[in-house]
$ cat upload.txt   # compact mmCIF, C-alpha atoms
# COMPACT_ATOMS: atom_id res chain seq x y z
CA MET A 1 -27.43 -7.95 -5.42
CA ARG A 2 -24.80 -6.36 -7.69
CA PHE A 3 -21.55 -5.44 -5.99
CA LEU A 4 -19.45 -3.62 -8.56
CA LEU A 5 -17.55 -0.37 -8.77
CA ASP A 6 -19.65 2.33 -10.39
CA ALA A 7 -18.73 4.10 -13.61
CA GLU A 8 -17.05 7.01 -11.86
CA GLN A 9 -14.88 4.72 -9.72
CA ARG A 10 -13.88 2.66 -12.77
CA ALA A 11 -13.00 5.84 -14.66
CA PHE A 12 -10.89 6.99 -11.70
CA ALA A 13 -8.98 3.70 -11.72
CA ALA A 14 -8.50 3.87 -15.49
CA SER A 15 -7.19 7.43 -15.32
CA LEU A 16 -4.65 6.51 -12.64
CA ASP A 17 -3.61 3.42 -14.58
CA ALA A 18 -3.05 5.50 -17.72
CA MET A 19 -1.16 8.21 -15.86
CA LEU A 20 1.11 5.81 -14.00
CA GLY A 21 1.60 3.63 -17.07
CA SER A 22 3.16 6.59 -18.87
CA SER A 23 5.35 7.66 -15.94
CA ASP A 24 8.15 5.04 -15.97
CA THR A 25 7.59 4.09 -12.35
CA PRO A 26 10.34 1.39 -12.39
CA SER A 27 12.93 4.15 -12.88
CA ALA A 28 11.38 6.15 -10.04
CA VAL A 29 11.48 3.08 -7.77
CA ARG A 30 15.15 2.44 -8.54
CA ALA A 31 16.03 6.09 -7.95
CA TRP A 32 14.13 6.09 -4.65
CA ALA A 33 16.06 3.02 -3.54
CA LEU A 34 19.30 4.96 -4.08
CA GLY A 35 18.04 7.94 -2.06
CA ASP A 36 17.15 10.08 -5.09
CA HIS A 37 13.60 11.21 -4.35
CA ALA A 38 13.14 13.66 -7.24
CA PRO A 39 11.42 11.28 -9.72
CA GLY A 40 9.23 9.88 -6.95
CA ARG A 41 8.24 13.35 -5.77
CA ALA A 42 7.28 14.32 -9.32
CA LEU A 43 5.07 11.24 -9.43
CA TRP A 44 3.69 12.12 -5.99
CA SER A 45 2.66 15.55 -7.24
CA ARG A 46 0.73 14.02 -10.14
CA LEU A 47 -1.06 11.65 -7.77
CA ALA A 48 -1.97 14.55 -5.49
CA GLU A 49 -3.35 16.51 -8.46
CA ALA A 50 -5.53 13.48 -9.21
CA GLY A 51 -6.89 13.71 -5.65
CA VAL A 52 -5.43 10.48 -4.26
CA PHE A 53 -4.24 11.82 -0.90
CA ALA A 54 -7.26 14.08 -0.44
CA LEU A 55 -9.40 10.91 -0.21
CA ALA A 56 -8.31 10.38 3.42
CA VAL A 57 -8.59 14.04 4.43
CA PRO A 58 -11.93 15.53 5.61
CA GLU A 59 -13.44 18.34 3.55
CA GLU A 60 -12.92 20.90 6.32
CA TYR A 61 -9.15 20.45 5.89
CA GLU A 62 -9.13 20.83 2.09
CA GLY A 63 -9.71 17.15 1.36
CA VAL A 64 -12.61 15.27 -0.21
CA GLY A 65 -12.91 12.40 2.28
CA PRO A 66 -13.02 10.26 4.06
CA LEU A 67 -13.74 7.97 1.08
CA PRO A 68 -12.34 4.49 1.85
CA VAL A 69 -13.75 2.74 -1.23
CA GLU A 70 -12.22 5.29 -3.59
CA LEU A 71 -8.99 5.09 -1.60
CA ALA A 72 -8.93 1.32 -2.14
CA VAL A 73 -9.54 1.86 -5.87
CA ALA A 74 -6.60 4.25 -6.03
CA PHE A 75 -4.22 2.07 -4.04
CA VAL A 76 -4.84 -0.95 -6.24
CA GLU A 77 -3.42 1.16 -9.09
CA LEU A 78 -0.53 2.40 -6.93
CA GLY A 79 0.33 -1.23 -6.22
CA ARG A 80 -0.12 -2.25 -9.85
CA HIS A 81 2.55 0.30 -10.80
CA ALA A 82 4.78 -0.16 -7.71
CA VAL A 83 4.67 3.54 -6.77
CA PRO A 84 7.46 4.29 -4.26
CA GLY A 85 7.26 6.39 -1.13
CA PRO A 86 5.26 6.49 2.11
CA VAL A 87 1.87 6.46 0.39
CA VAL A 88 0.20 4.26 3.00
CA GLU A 89 1.90 6.14 5.82
CA THR A 90 0.66 9.49 4.51
CA VAL A 91 -2.89 8.14 4.54
CA ALA A 92 -2.43 6.78 8.07
CA ALA A 93 -1.02 10.10 9.25
CA ALA A 94 -3.93 11.99 7.70
CA VAL A 95 -6.48 9.72 9.36
CA LEU A 96 -4.72 10.01 12.71
CA LEU A 97 -4.64 13.80 12.59
CA GLY A 98 -8.27 13.97 11.46
CA GLY A 99 -9.32 11.74 14.36
CA LEU A 100 -7.98 13.96 17.15
CA ASP A 101 -10.35 15.90 19.39
CA ASP A 102 -8.20 19.01 19.03
CA PRO A 103 -8.44 20.36 15.45
CA GLY A 104 -5.22 22.37 15.78
CA PRO A 105 -2.76 19.74 14.43
CA ALA A 106 -5.16 18.86 11.59
CA GLU A 107 -5.54 22.50 10.57
CA ARG A 108 -1.78 22.86 10.60
CA LEU A 109 -0.77 19.73 8.68
CA LEU A 110 -3.65 18.19 6.72
CA PRO A 111 -3.93 20.75 3.88
CA GLY A 112 -0.31 20.05 2.93
CA LEU A 113 -0.93 16.29 2.92
CA ALA A 114 -4.08 16.62 0.80
CA SER A 115 -2.34 18.82 -1.77
CA GLY A 116 0.76 16.64 -1.98
CA LYS A 117 3.05 19.44 -0.85
CA SER A 118 4.03 17.33 2.18
CA LEU A 119 4.90 13.66 2.50
CA ALA A 120 4.19 12.11 5.87
CA THR A 121 5.29 9.01 7.68
CA LEU A 122 4.25 7.52 10.98
CA ALA A 123 6.08 5.62 13.72
CA LEU A 124 3.87 3.78 16.20
CA ASP A 125 5.23 3.03 19.67
CA GLY A 126 8.92 2.92 18.82
CA ALA A 127 8.65 1.15 15.47
CA PRO A 128 10.84 2.57 12.68
CA ALA A 129 9.17 4.89 10.18
CA LEU A 130 9.11 4.20 6.46
CA ASP A 131 10.93 6.78 4.31
CA ALA A 132 11.63 9.09 7.22
CA ASP A 133 14.45 10.59 5.16
CA ALA A 134 11.99 11.70 2.47
CA ALA A 135 9.00 12.73 4.57
CA GLY A 136 8.51 16.35 5.57
CA VAL A 137 6.07 15.35 8.33
CA LEU A 138 7.31 12.67 10.72
CA LEU A 139 4.70 11.72 13.33
CA ALA A 140 5.53 9.50 16.27
CA VAL A 141 3.01 7.92 18.66
CA ASP A 142 4.55 7.11 22.02
CA GLY A 143 2.01 5.64 24.40
CA GLY A 144 -0.68 8.26 24.77
CA GLU A 145 1.31 11.06 23.12
CA LEU A 146 1.56 12.20 19.52
CA TRP A 147 4.76 14.03 18.57
CA LEU A 148 5.92 15.84 15.46
CA ALA A 149 9.45 14.48 15.47
CA PRO A 150 12.34 16.81 14.61
CA GLY A 151 14.22 14.25 12.56
CA HIS A 152 15.24 10.61 12.25
CA GLY A 153 18.07 8.27 13.07
CA ARG A 154 20.15 6.09 10.80
CA VAL A 155 18.36 4.86 7.69
CA ARG A 156 18.32 1.13 6.97
CA VAL A 157 17.11 -0.64 3.85
CA SER A 158 14.76 -3.63 3.75
CA MET A 159 14.70 -6.45 1.19
CA ASP A 160 12.63 -4.08 -0.95
CA ARG A 161 15.37 -1.50 -1.37
CA SER A 162 12.84 1.22 -2.16
CA ARG A 163 11.44 0.88 1.38
CA ARG A 164 13.89 2.67 3.70
CA PHE A 165 13.30 2.71 7.46
CA ALA A 166 14.62 4.93 10.23
CA PRO A 167 13.70 5.54 13.88
CA ALA A 168 12.11 8.86 14.78
CA GLU A 169 14.23 11.09 16.99
CA GLY A 170 12.87 11.98 20.41
CA GLY A 171 11.46 15.35 21.32
CA GLY A 172 9.93 17.76 18.88
CA ASP A 173 6.45 19.26 19.12
CA LEU A 174 3.83 17.57 21.27
CA LEU A 175 0.69 17.66 19.14
CA ALA A 176 -1.76 15.76 21.36
CA ALA A 177 -1.96 13.56 24.44
CA GLY A 178 -4.43 11.33 26.22
CA PRO A 179 -7.00 8.71 25.16
CA GLN A 180 -7.74 10.60 21.93
CA VAL A 181 -4.30 9.63 20.60
CA ALA A 182 -4.87 5.92 21.21
CA ARG A 183 -8.29 6.04 19.53
CA ALA A 184 -6.97 7.96 16.54
CA ALA A 185 -3.97 5.61 16.21
CA LEU A 186 -6.23 2.54 16.08
CA ARG A 187 -8.34 4.20 13.40
CA ALA A 188 -5.18 5.05 11.45
CA LEU A 189 -4.07 1.42 11.72
CA THR A 190 -7.33 0.23 10.14
CA TRP A 191 -6.95 2.65 7.23
CA ALA A 192 -3.28 1.70 6.80
CA ARG A 193 -4.22 -1.97 6.59
CA LEU A 194 -6.91 -1.21 4.01
CA ALA A 195 -4.47 0.76 1.84
CA THR A 196 -1.83 -1.96 2.22
CA ALA A 197 -4.33 -4.63 1.19
CA ALA A 198 -5.27 -2.63 -1.89
CA GLN A 199 -1.62 -2.09 -2.75
CA ALA A 200 -0.94 -5.81 -2.39
CA LEU A 201 -3.84 -6.69 -4.68
CA GLY A 202 -2.45 -4.33 -7.32
CA VAL A 203 1.03 -5.82 -6.95
CA GLY A 204 -0.38 -9.32 -7.39
CA LEU A 205 -2.36 -8.32 -10.48
CA ALA A 206 0.76 -6.78 -12.03
CA LEU A 207 2.82 -9.88 -11.31
CA LEU A 208 0.16 -12.10 -12.83
CA ALA A 209 -0.18 -9.98 -15.98
CA ARG A 210 3.59 -9.87 -16.51
CA THR A 211 3.89 -13.61 -16.01
CA VAL A 212 1.05 -14.43 -18.40
CA ALA A 213 2.75 -12.28 -21.05
CA TYR A 214 6.14 -13.91 -20.41
CA VAL A 215 4.99 -17.54 -20.62
CA GLY A 216 3.16 -16.69 -23.83
CA GLN A 217 6.45 -15.57 -25.40
CA ARG A 218 8.94 -18.06 -23.97
CA THR A 219 9.06 -21.30 -25.92
CA GLN A 220 10.16 -24.82 -25.13
CA PHE A 221 9.94 -27.82 -27.43
CA GLY A 222 8.75 -25.43 -30.10
CA VAL A 223 5.65 -24.18 -28.23
CA PRO A 224 4.96 -21.43 -25.65
CA VAL A 225 5.49 -22.67 -22.11
CA GLY A 226 2.15 -21.07 -21.28
CA SER A 227 0.46 -23.90 -23.17
CA PHE A 228 1.69 -26.47 -20.62
CA GLN A 229 -0.99 -27.68 -18.26
CA ALA A 230 1.17 -27.30 -15.16
CA VAL A 231 1.87 -23.66 -15.99
CA LYS A 232 -1.82 -22.99 -16.61
CA HIS A 233 -2.68 -24.47 -13.22
CA ARG A 234 -0.18 -22.24 -11.40
CA LEU A 235 -1.54 -19.14 -13.10
CA ALA A 236 -5.14 -20.17 -12.50
CA ASP A 237 -4.43 -20.67 -8.80
CA ALA A 238 -2.90 -17.20 -8.62
CA LEU A 239 -5.84 -15.63 -10.41
CA ILE A 240 -8.38 -17.33 -8.14
CA ALA A 241 -6.53 -16.17 -5.03
CA LEU A 242 -6.40 -12.56 -6.25
CA GLU A 243 -10.02 -12.51 -7.36
CA PHE A 244 -11.08 -13.95 -4.01
CA ALA A 245 -9.23 -11.12 -2.27
CA ARG A 246 -10.89 -8.40 -4.37
CA PRO A 247 -14.43 -8.58 -2.87
CA LEU A 248 -12.99 -8.90 0.64
CA LEU A 249 -11.05 -5.69 0.04
CA PHE A 250 -13.98 -3.64 -1.21
CA GLY A 251 -16.38 -5.16 1.29
CA ALA A 252 -14.01 -4.11 4.06
CA ALA A 253 -13.76 -0.63 2.53
CA LEU A 254 -17.54 -0.33 2.72
CA SER A 255 -17.79 -1.40 6.35
CA MET A 256 -14.40 -0.23 7.72
CA ASP A 257 -14.81 -2.88 10.37
CA PRO A 258 -11.32 -3.55 11.78
CA ALA A 259 -11.83 -7.33 11.67
CA GLU A 260 -12.99 -7.26 8.05
CA VAL A 261 -10.11 -4.98 7.09
CA ALA A 262 -7.66 -7.34 8.82
CA ALA A 263 -9.15 -10.29 6.92
CA ALA A 264 -8.86 -8.40 3.63
CA LYS A 265 -5.28 -7.43 4.42
CA VAL A 266 -4.07 -10.94 5.16
CA THR A 267 -5.97 -12.40 2.18
CA ALA A 268 -4.68 -9.85 -0.33
CA CYS A 269 -1.12 -9.97 0.94
CA GLU A 270 -1.01 -13.77 0.96
CA ALA A 271 -2.48 -13.86 -2.55
CA ALA A 272 0.11 -11.36 -3.80
CA TYR A 273 2.93 -13.28 -2.14
CA ALA A 274 1.77 -16.60 -3.63
CA THR A 275 1.51 -14.93 -7.04
CA ALA A 276 5.04 -13.55 -6.62
CA ARG A 277 6.38 -17.03 -5.89
CA ALA A 278 4.61 -18.45 -8.94
CA ALA A 279 5.88 -15.56 -11.09
CA LEU A 280 9.43 -16.13 -9.94
CA GLN A 281 9.31 -19.84 -10.65
CA LEU A 282 7.72 -19.42 -14.07
CA HIS A 283 10.21 -16.76 -15.12
CA GLY A 284 13.17 -18.89 -14.07
CA ALA A 285 16.56 -17.40 -13.26
CA ILE A 286 15.81 -14.07 -14.93
CA GLY A 287 13.22 -13.35 -12.24
CA TYR A 288 15.96 -13.09 -9.61
CA THR A 289 17.93 -10.36 -11.33
CA ALA A 290 17.70 -6.81 -10.02
CA GLU A 291 17.87 -5.43 -13.56
CA TYR A 292 14.64 -7.17 -14.53
CA ASP A 293 11.55 -5.16 -13.56
CA LEU A 294 9.75 -8.18 -12.12
CA SER A 295 12.08 -7.98 -9.12
CA LEU A 296 10.52 -4.65 -8.08
CA TRP A 297 7.06 -6.17 -7.73
CA PHE A 298 8.40 -9.37 -6.20
CA ALA A 299 10.18 -7.41 -3.47
CA ARG A 300 7.11 -5.25 -2.89
CA ALA A 301 4.86 -8.29 -2.44
CA ARG A 302 7.27 -9.68 0.12
CA SER A 303 7.58 -6.41 2.04
CA LEU A 304 3.86 -5.64 2.18
CA ARG A 305 3.07 -9.00 3.76
CA PRO A 306 4.15 -8.01 7.32
CA ALA A 307 3.51 -4.27 6.93
CA TRP A 308 0.95 -2.82 9.38
CA GLY A 309 0.27 -6.22 10.88
CA THR A 310 1.75 -9.65 10.23
CA PRO A 311 -0.46 -12.42 8.80
CA ALA A 312 -0.74 -13.91 12.30
CA GLU A 313 -1.77 -10.58 13.84
CA CYS A 314 -4.37 -9.92 11.15
CA ARG A 315 -5.80 -13.42 11.41
CA ALA A 316 -6.09 -13.00 15.18
CA GLU A 317 -7.95 -9.72 14.77
CA ALA A 318 -10.27 -11.21 12.15
CA LEU A 319 -11.07 -14.17 14.41
CA ALA A 320 -11.64 -11.87 17.38
CA GLY A 321 -14.12 -9.90 15.30
CA LEU A 322 -16.02 -13.06 14.36
CA SER A 323 -16.25 -14.01 18.03
CA GLY A 324 -17.47 -10.56 19.02
CA GLY A 325 -14.28 -9.55 20.80
CA GLY A 326 -12.82 -7.26 18.16
CA ARG A 327 -12.38 -3.49 18.05
CA PRO A 328 -15.30 -1.20 17.25
CA ARG A 329 -15.63 0.08 13.71
CA SER A 330 -13.45 3.00 12.65
$ encode --input "upload.txt" --output "structure tokens"
Amino acid sequence: MRFLLDAEQRAFAASLDAMLGSSDTPSAVRAWALGDHAPGRALWSRLAEAGVFALAVPEEYEGVGPLPVELAVAFVELGRHAVPGPVVETVAAAVLLGGLDDPGPAERLLPGLASGKSLATLALDGAPALDADAAGVLLAVDGGELWLAPGHGRVRVSMDRSRRFAPAEGGGDLLAAGPQVARAALRALTWARLATAAQALGVGLALLARTVAYVGQRTQFGVPVGSFQAVKHRLADALIALEFARPLLFGAALSMDPAEVAAAKVTACEAAYATARAALQLHGAIGYTAEYDLSLWFARARSLRPAWGTPAECRAEALAGLSGGGRPRS
């Protein structure tokens, strides 16, 4: 049995890679971290034109989805280039709105998310929302209620300074209530974990590629440090971990089983984090500096690890699924 991306999916990934590679995303990330969203929004518009956000939006709301495999393909490239902004949260918000029994909120908000005219973020049960200061659509799930929040509280910055969090303010418009909100929120969580796993895989691949290039240029004792056996072993371990995560990611995208998605999320995030540690050690002191681009991917690998479910939470869900006690498929 052959399990590979088809030609169209590979071309989609290549087109995103080429577009993002020519967009100076490190500058956009640094600007976003300072609260300047203009370069990031310009990048967002180009991604929307390529159809990235429409992948999570049903066709009846001006999207092309839901297409989880293609979404995973896209988010690997977004991670590879460290795209800033609430990209995962916009997908989660779109899935949540599309999963409600009442089509009213979806008709009102989803076309803007699919087209890229609106950025969305999502706060679940009191948790702070990512990039609430940049998002035009701030959704808050509070128990069995879904609210369109009127604003946000004080912004705080995480270790990854391009990821800015703020609590959603109370009140606003009540969009939906009842069991439908809980069901839709669980489905949104599964999609968020899938997108986060794909992002993490892309981050890890970028870190590995940059480190391989660096150790091939840096010399010691008159030879590249990449020729040392110990360095080769570290890089080989990182590559194996990332390549092991890849089929788990796309297998989970095919099934959308919450347990399989949780397993893919923890595997990809742990692989990216291990690759980040190896990259930092092999770069030496320069890897710690904020001016060096590696730091952007290192911080992203660290911040994605607990996002939308800690490693312990994802492992617990994966084990529950193996024992037959997990959630139904999304």
$ closest_residue --input "upload.txt" --among "A:Val91, A:Ala264, A:Ala135, A:Ile286" --to "A:His37" --atoms "only C-alpha atoms"
A:Ala135
$ atom_distance --input "upload.txt" --atom1 "atom CA of A:Ala129" --atom2 "atom CA of A:Ala13"
28.5 Å
$ atom_distance --input "upload.txt" --atom1 "atom CA of A:Val141" --atom2 "atom CA of A:Phe53"
21.2 Å
$ closest_residue --input "upload.txt" --among "A:Gly51, A:Gly126, A:Gly204, A:Gly226" --to "A:Ala74" --atoms "all atoms listed in the file"
A:Gly51
$ axis_aligned_box --input "upload.txt" --around "stretch 161-174 of chain A" --padding-each-side "3 Å" --output "AutoDock Vina command-line options"
--center_x 9.6 --center_y 8.9 --center_z 9.6 --size_x 17.5 --size_y 26.8 --size_z 29.5
$ atom_distance --input "upload.txt" --atom1 "atom CA of A:Gly144" --atom2 "atom CA of A:Ser255"
26.9 Å
$ residues_around --input "upload.txt" --residues "A:Arg164" --least-positions-apart "2" --cutoff "6 Å" --atoms "all atoms listed in the file" --output "ChimeraX atom specification"
/A:130-131,156-157
$ residues_around --input "upload.txt" --residues "A:Pro66" --least-positions-apart "4" --cutoff "6 Å" --atoms "only C-alpha atoms" --output "PyMOL selection string"
chain A and resi 55-58
$ residues_near_point --input "upload.txt" --point "(11.2, 2.5, 4.4)" --cutoff "10 Å" --atoms "all atoms listed in the file" --output "list in words"
Ala33, Pro84, Gly85, Pro86, Thr121, Pro128, Ala129, Leu130, Asp131, Ala132, Asp133, Ala134, Val155, Arg156, Val157, Ser158, Asp160, Arg161, Ser162, Arg163, Arg164, Phe165, Ala166 and Ser303 of chain A
$ residues_around --input "upload.txt" --residues "A:Ala262" --least-positions-apart "6" --cutoff "9 Å" --atoms "only C-alpha atoms" --output "VMD selection string"
chain A and resid 190 193 to 194 197 252 309 311 313 to 318
$ closest_residue --input "upload.txt" --among "A:Ala213, A:Ala82, A:Ala238, A:Ala312" --to "A:Arg277" --atoms "only C-alpha atoms"
A:Ala238
$ residues_near_point --input "upload.txt" --point "(7.6, 7.6, 14.5)" --cutoff "12 Å" --atoms "only C-alpha atoms" --output "PyMOL selection string"
chain A and resi 89+92-93+120-133+135+137-143+145-153+165-172+185
$ closest_residue --input "upload.txt" --among "A:Met19, A:Ala48, A:Ala177, A:Leu282" --to "A:Val87" --atoms "all atoms listed in the file"
A:Ala48
$ residues_around --input "upload.txt" --residues "A:Gly21" --least-positions-apart "3" --cutoff "12 Å" --atoms "all atoms listed in the file" --output "VMD selection string"
chain A and resid 13 to 18 24 to 26 43 77 to 83 206
$ write_last_selection --input "upload.txt" --atoms "C-alpha atoms" --output "PDB file, keeping the file's coordinate frame"
ATOM      1  CA  ALA A  13      -8.980   3.700 -11.720  1.00  0.00           C
ATOM      2  CA  ALA A  14      -8.500   3.870 -15.490  1.00  0.00           C
ATOM      3  CA  SER A  15      -7.190   7.430 -15.320  1.00  0.00           C
ATOM      4  CA  LEU A  16      -4.650   6.510 -12.640  1.00  0.00           C
ATOM      5  CA  ASP A  17      -3.610   3.420 -14.580  1.00  0.00           C
ATOM      6  CA  ALA A  18      -3.050   5.500 -17.720  1.00  0.00           C
ATOM      7  CA  ASP A  24       8.150   5.040 -15.970  1.00  0.00           C
ATOM      8  CA  THR A  25       7.590   4.090 -12.350  1.00  0.00           C
ATOM      9  CA  PRO A  26      10.340   1.390 -12.390  1.00  0.00           C
ATOM     10  CA  LEU A  43       5.070  11.240  -9.430  1.00  0.00           C
ATOM     11  CA  GLU A  77      -3.420   1.160  -9.090  1.00  0.00           C
ATOM     12  CA  LEU A  78      -0.530   2.400  -6.930  1.00  0.00           C
ATOM     13  CA  GLY A  79       0.330  -1.230  -6.220  1.00  0.00           C
ATOM     14  CA  ARG A  80      -0.120  -2.250  -9.850  1.00  0.00           C
ATOM     15  CA  HIS A  81       2.550   0.300 -10.800  1.00  0.00           C
ATOM     16  CA  ALA A  82       4.780  -0.160  -7.710  1.00  0.00           C
ATOM     17  CA  VAL A  83       4.670   3.540  -6.770  1.00  0.00           C
ATOM     18  CA  ALA A 206       0.760  -6.780 -12.030  1.00  0.00           C
TER      19      ALA A 206
END
$ residues_around --input "upload.txt" --residues "A:Ala278" --least-positions-apart "2" --cutoff "9 Å" --atoms "all atoms listed in the file" --output "list of chain:residue names"
A:Leu208, A:Thr211, A:Arg234, A:Leu235, A:Ala238, A:Tyr273, A:Ala274, A:Thr275, A:Ala276, A:Leu280, A:Gln281, A:Leu282, A:His283
$ closest_residue --input "upload.txt" --among "A:Phe12, A:Trp191, A:Phe228, A:Tyr61" --to "A:Ala259" --atoms "only C-alpha atoms"
A:Trp191
$ closest_residue --input "upload.txt" --among "A:Ser22, A:Arg210, A:Gly116, A:Thr267" --to "A:Gly287" --atoms "all atoms listed in the file"
A:Arg210
$ decode --input "upload.txt" --residues "stretch 208-261 of chain A" --atoms "C-alpha atoms" --output "PDB file, in the first residue's frame"
ATOM      1  CA  LEU A 208      16.929  20.619  11.046  1.00  0.00           C
ATOM      2  CA  ALA A 209      17.616  22.138   7.616  1.00  0.00           C
ATOM      3  CA  ARG A 210      19.153  25.271   9.129  1.00  0.00           C
ATOM      4  CA  THR A 211      21.327  23.222  11.465  1.00  0.00           C
ATOM      5  CA  VAL A 212      22.562  20.905   8.711  1.00  0.00           C
ATOM      6  CA  ALA A 213      23.561  23.967   6.670  1.00  0.00           C
ATOM      7  CA  TYR A 214      25.296  25.569   9.666  1.00  0.00           C
ATOM      8  CA  VAL A 215      27.396  22.560  10.694  1.00  0.00           C
ATOM      9  CA  GLY A 216      28.456  22.172   7.070  1.00  0.00           C
ATOM     10  CA  GLN A 217      29.900  25.699   7.122  1.00  0.00           C
ATOM     11  CA  ARG A 218      31.347  25.953  10.625  1.00  0.00           C
ATOM     12  CA  THR A 219      34.826  24.474  10.895  1.00  0.00           C
ATOM     13  CA  GLN A 220      36.915  23.126  13.732  1.00  0.00           C
ATOM     14  CA  PHE A 221      40.364  21.579  13.456  1.00  0.00           C
ATOM     15  CA  GLY A 222      40.266  22.513   9.796  1.00  0.00           C
ATOM     16  CA  VAL A 223      37.147  20.477   8.907  1.00  0.00           C
ATOM     17  CA  PRO A 224      33.362  21.117   9.030  1.00  0.00           C
ATOM     18  CA  VAL A 225      31.906  20.193  12.403  1.00  0.00           C
ATOM     19  CA  GLY A 226      29.192  18.353  10.484  1.00  0.00           C
ATOM     20  CA  SER A 227      31.756  15.680   9.659  1.00  0.00           C
ATOM     21  CA  PHE A 228      32.065  14.699  13.340  1.00  0.00           C
ATOM     22  CA  GLN A 229      30.330  11.460  14.213  1.00  0.00           C
ATOM     23  CA  ALA A 230      28.666  12.861  17.325  1.00  0.00           C
ATOM     24  CA  VAL A 231      27.127  15.701  15.330  1.00  0.00           C
ATOM     25  CA  LYS A 232      25.901  13.292  12.661  1.00  0.00           C
ATOM     26  CA  HIS A 233      24.232  11.160  15.328  1.00  0.00           C
ATOM     27  CA  ARG A 234      22.372  14.134  16.817  1.00  0.00           C
ATOM     28  CA  LEU A 235      21.090  15.175  13.408  1.00  0.00           C
ATOM     29  CA  ALA A 236      20.152  11.622  12.470  1.00  0.00           C
ATOM     30  CA  ASP A 237      18.159  11.256  15.690  1.00  0.00           C
ATOM     31  CA  ALA A 238      16.302  14.479  14.917  1.00  0.00           C
ATOM     32  CA  LEU A 239      15.550  13.388  11.368  1.00  0.00           C
ATOM     33  CA  ILE A 240      14.238   9.992  12.482  1.00  0.00           C
ATOM     34  CA  ALA A 241      11.956  11.602  15.068  1.00  0.00           C
ATOM     35  CA  LEU A 242      10.516  14.034  12.519  1.00  0.00           C
ATOM     36  CA  GLU A 243      10.049  11.398   9.848  1.00  0.00           C
ATOM     37  CA  PHE A 244       8.321   9.140  12.354  1.00  0.00           C
ATOM     38  CA  ALA A 245       5.910  11.971  13.159  1.00  0.00           C
ATOM     39  CA  ARG A 246       5.046  12.619   9.498  1.00  0.00           C
ATOM     40  CA  PRO A 247       2.962   9.456   8.814  1.00  0.00           C
ATOM     41  CA  LEU A 248       1.226   9.810  12.180  1.00  0.00           C
ATOM     42  CA  LEU A 249       0.211  13.334  11.195  1.00  0.00           C
ATOM     43  CA  PHE A 250      -1.220  12.444   7.806  1.00  0.00           C
ATOM     44  CA  GLY A 251      -2.756   9.223   9.075  1.00  0.00           C
ATOM     45  CA  ALA A 252      -4.557  11.237  11.741  1.00  0.00           C
ATOM     46  CA  ALA A 253      -5.666  13.751   9.092  1.00  0.00           C
ATOM     47  CA  LEU A 254      -7.240  10.909   7.128  1.00  0.00           C
ATOM     48  CA  SER A 255      -9.134   9.458  10.085  1.00  0.00           C
ATOM     49  CA  MET A 256      -9.708  12.589  12.220  1.00  0.00           C
ATOM     50  CA  ASP A 257      -9.959  10.248  15.170  1.00  0.00           C
ATOM     51  CA  PRO A 258      -9.336  12.372  18.294  1.00  0.00           C
ATOM     52  CA  ALA A 259      -6.993   9.765  19.793  1.00  0.00           C
ATOM     53  CA  GLU A 260      -4.935   9.509  16.609  1.00  0.00           C
ATOM     54  CA  VAL A 261      -4.786  13.286  16.309  1.00  0.00           C
TER      55      VAL A 261
END
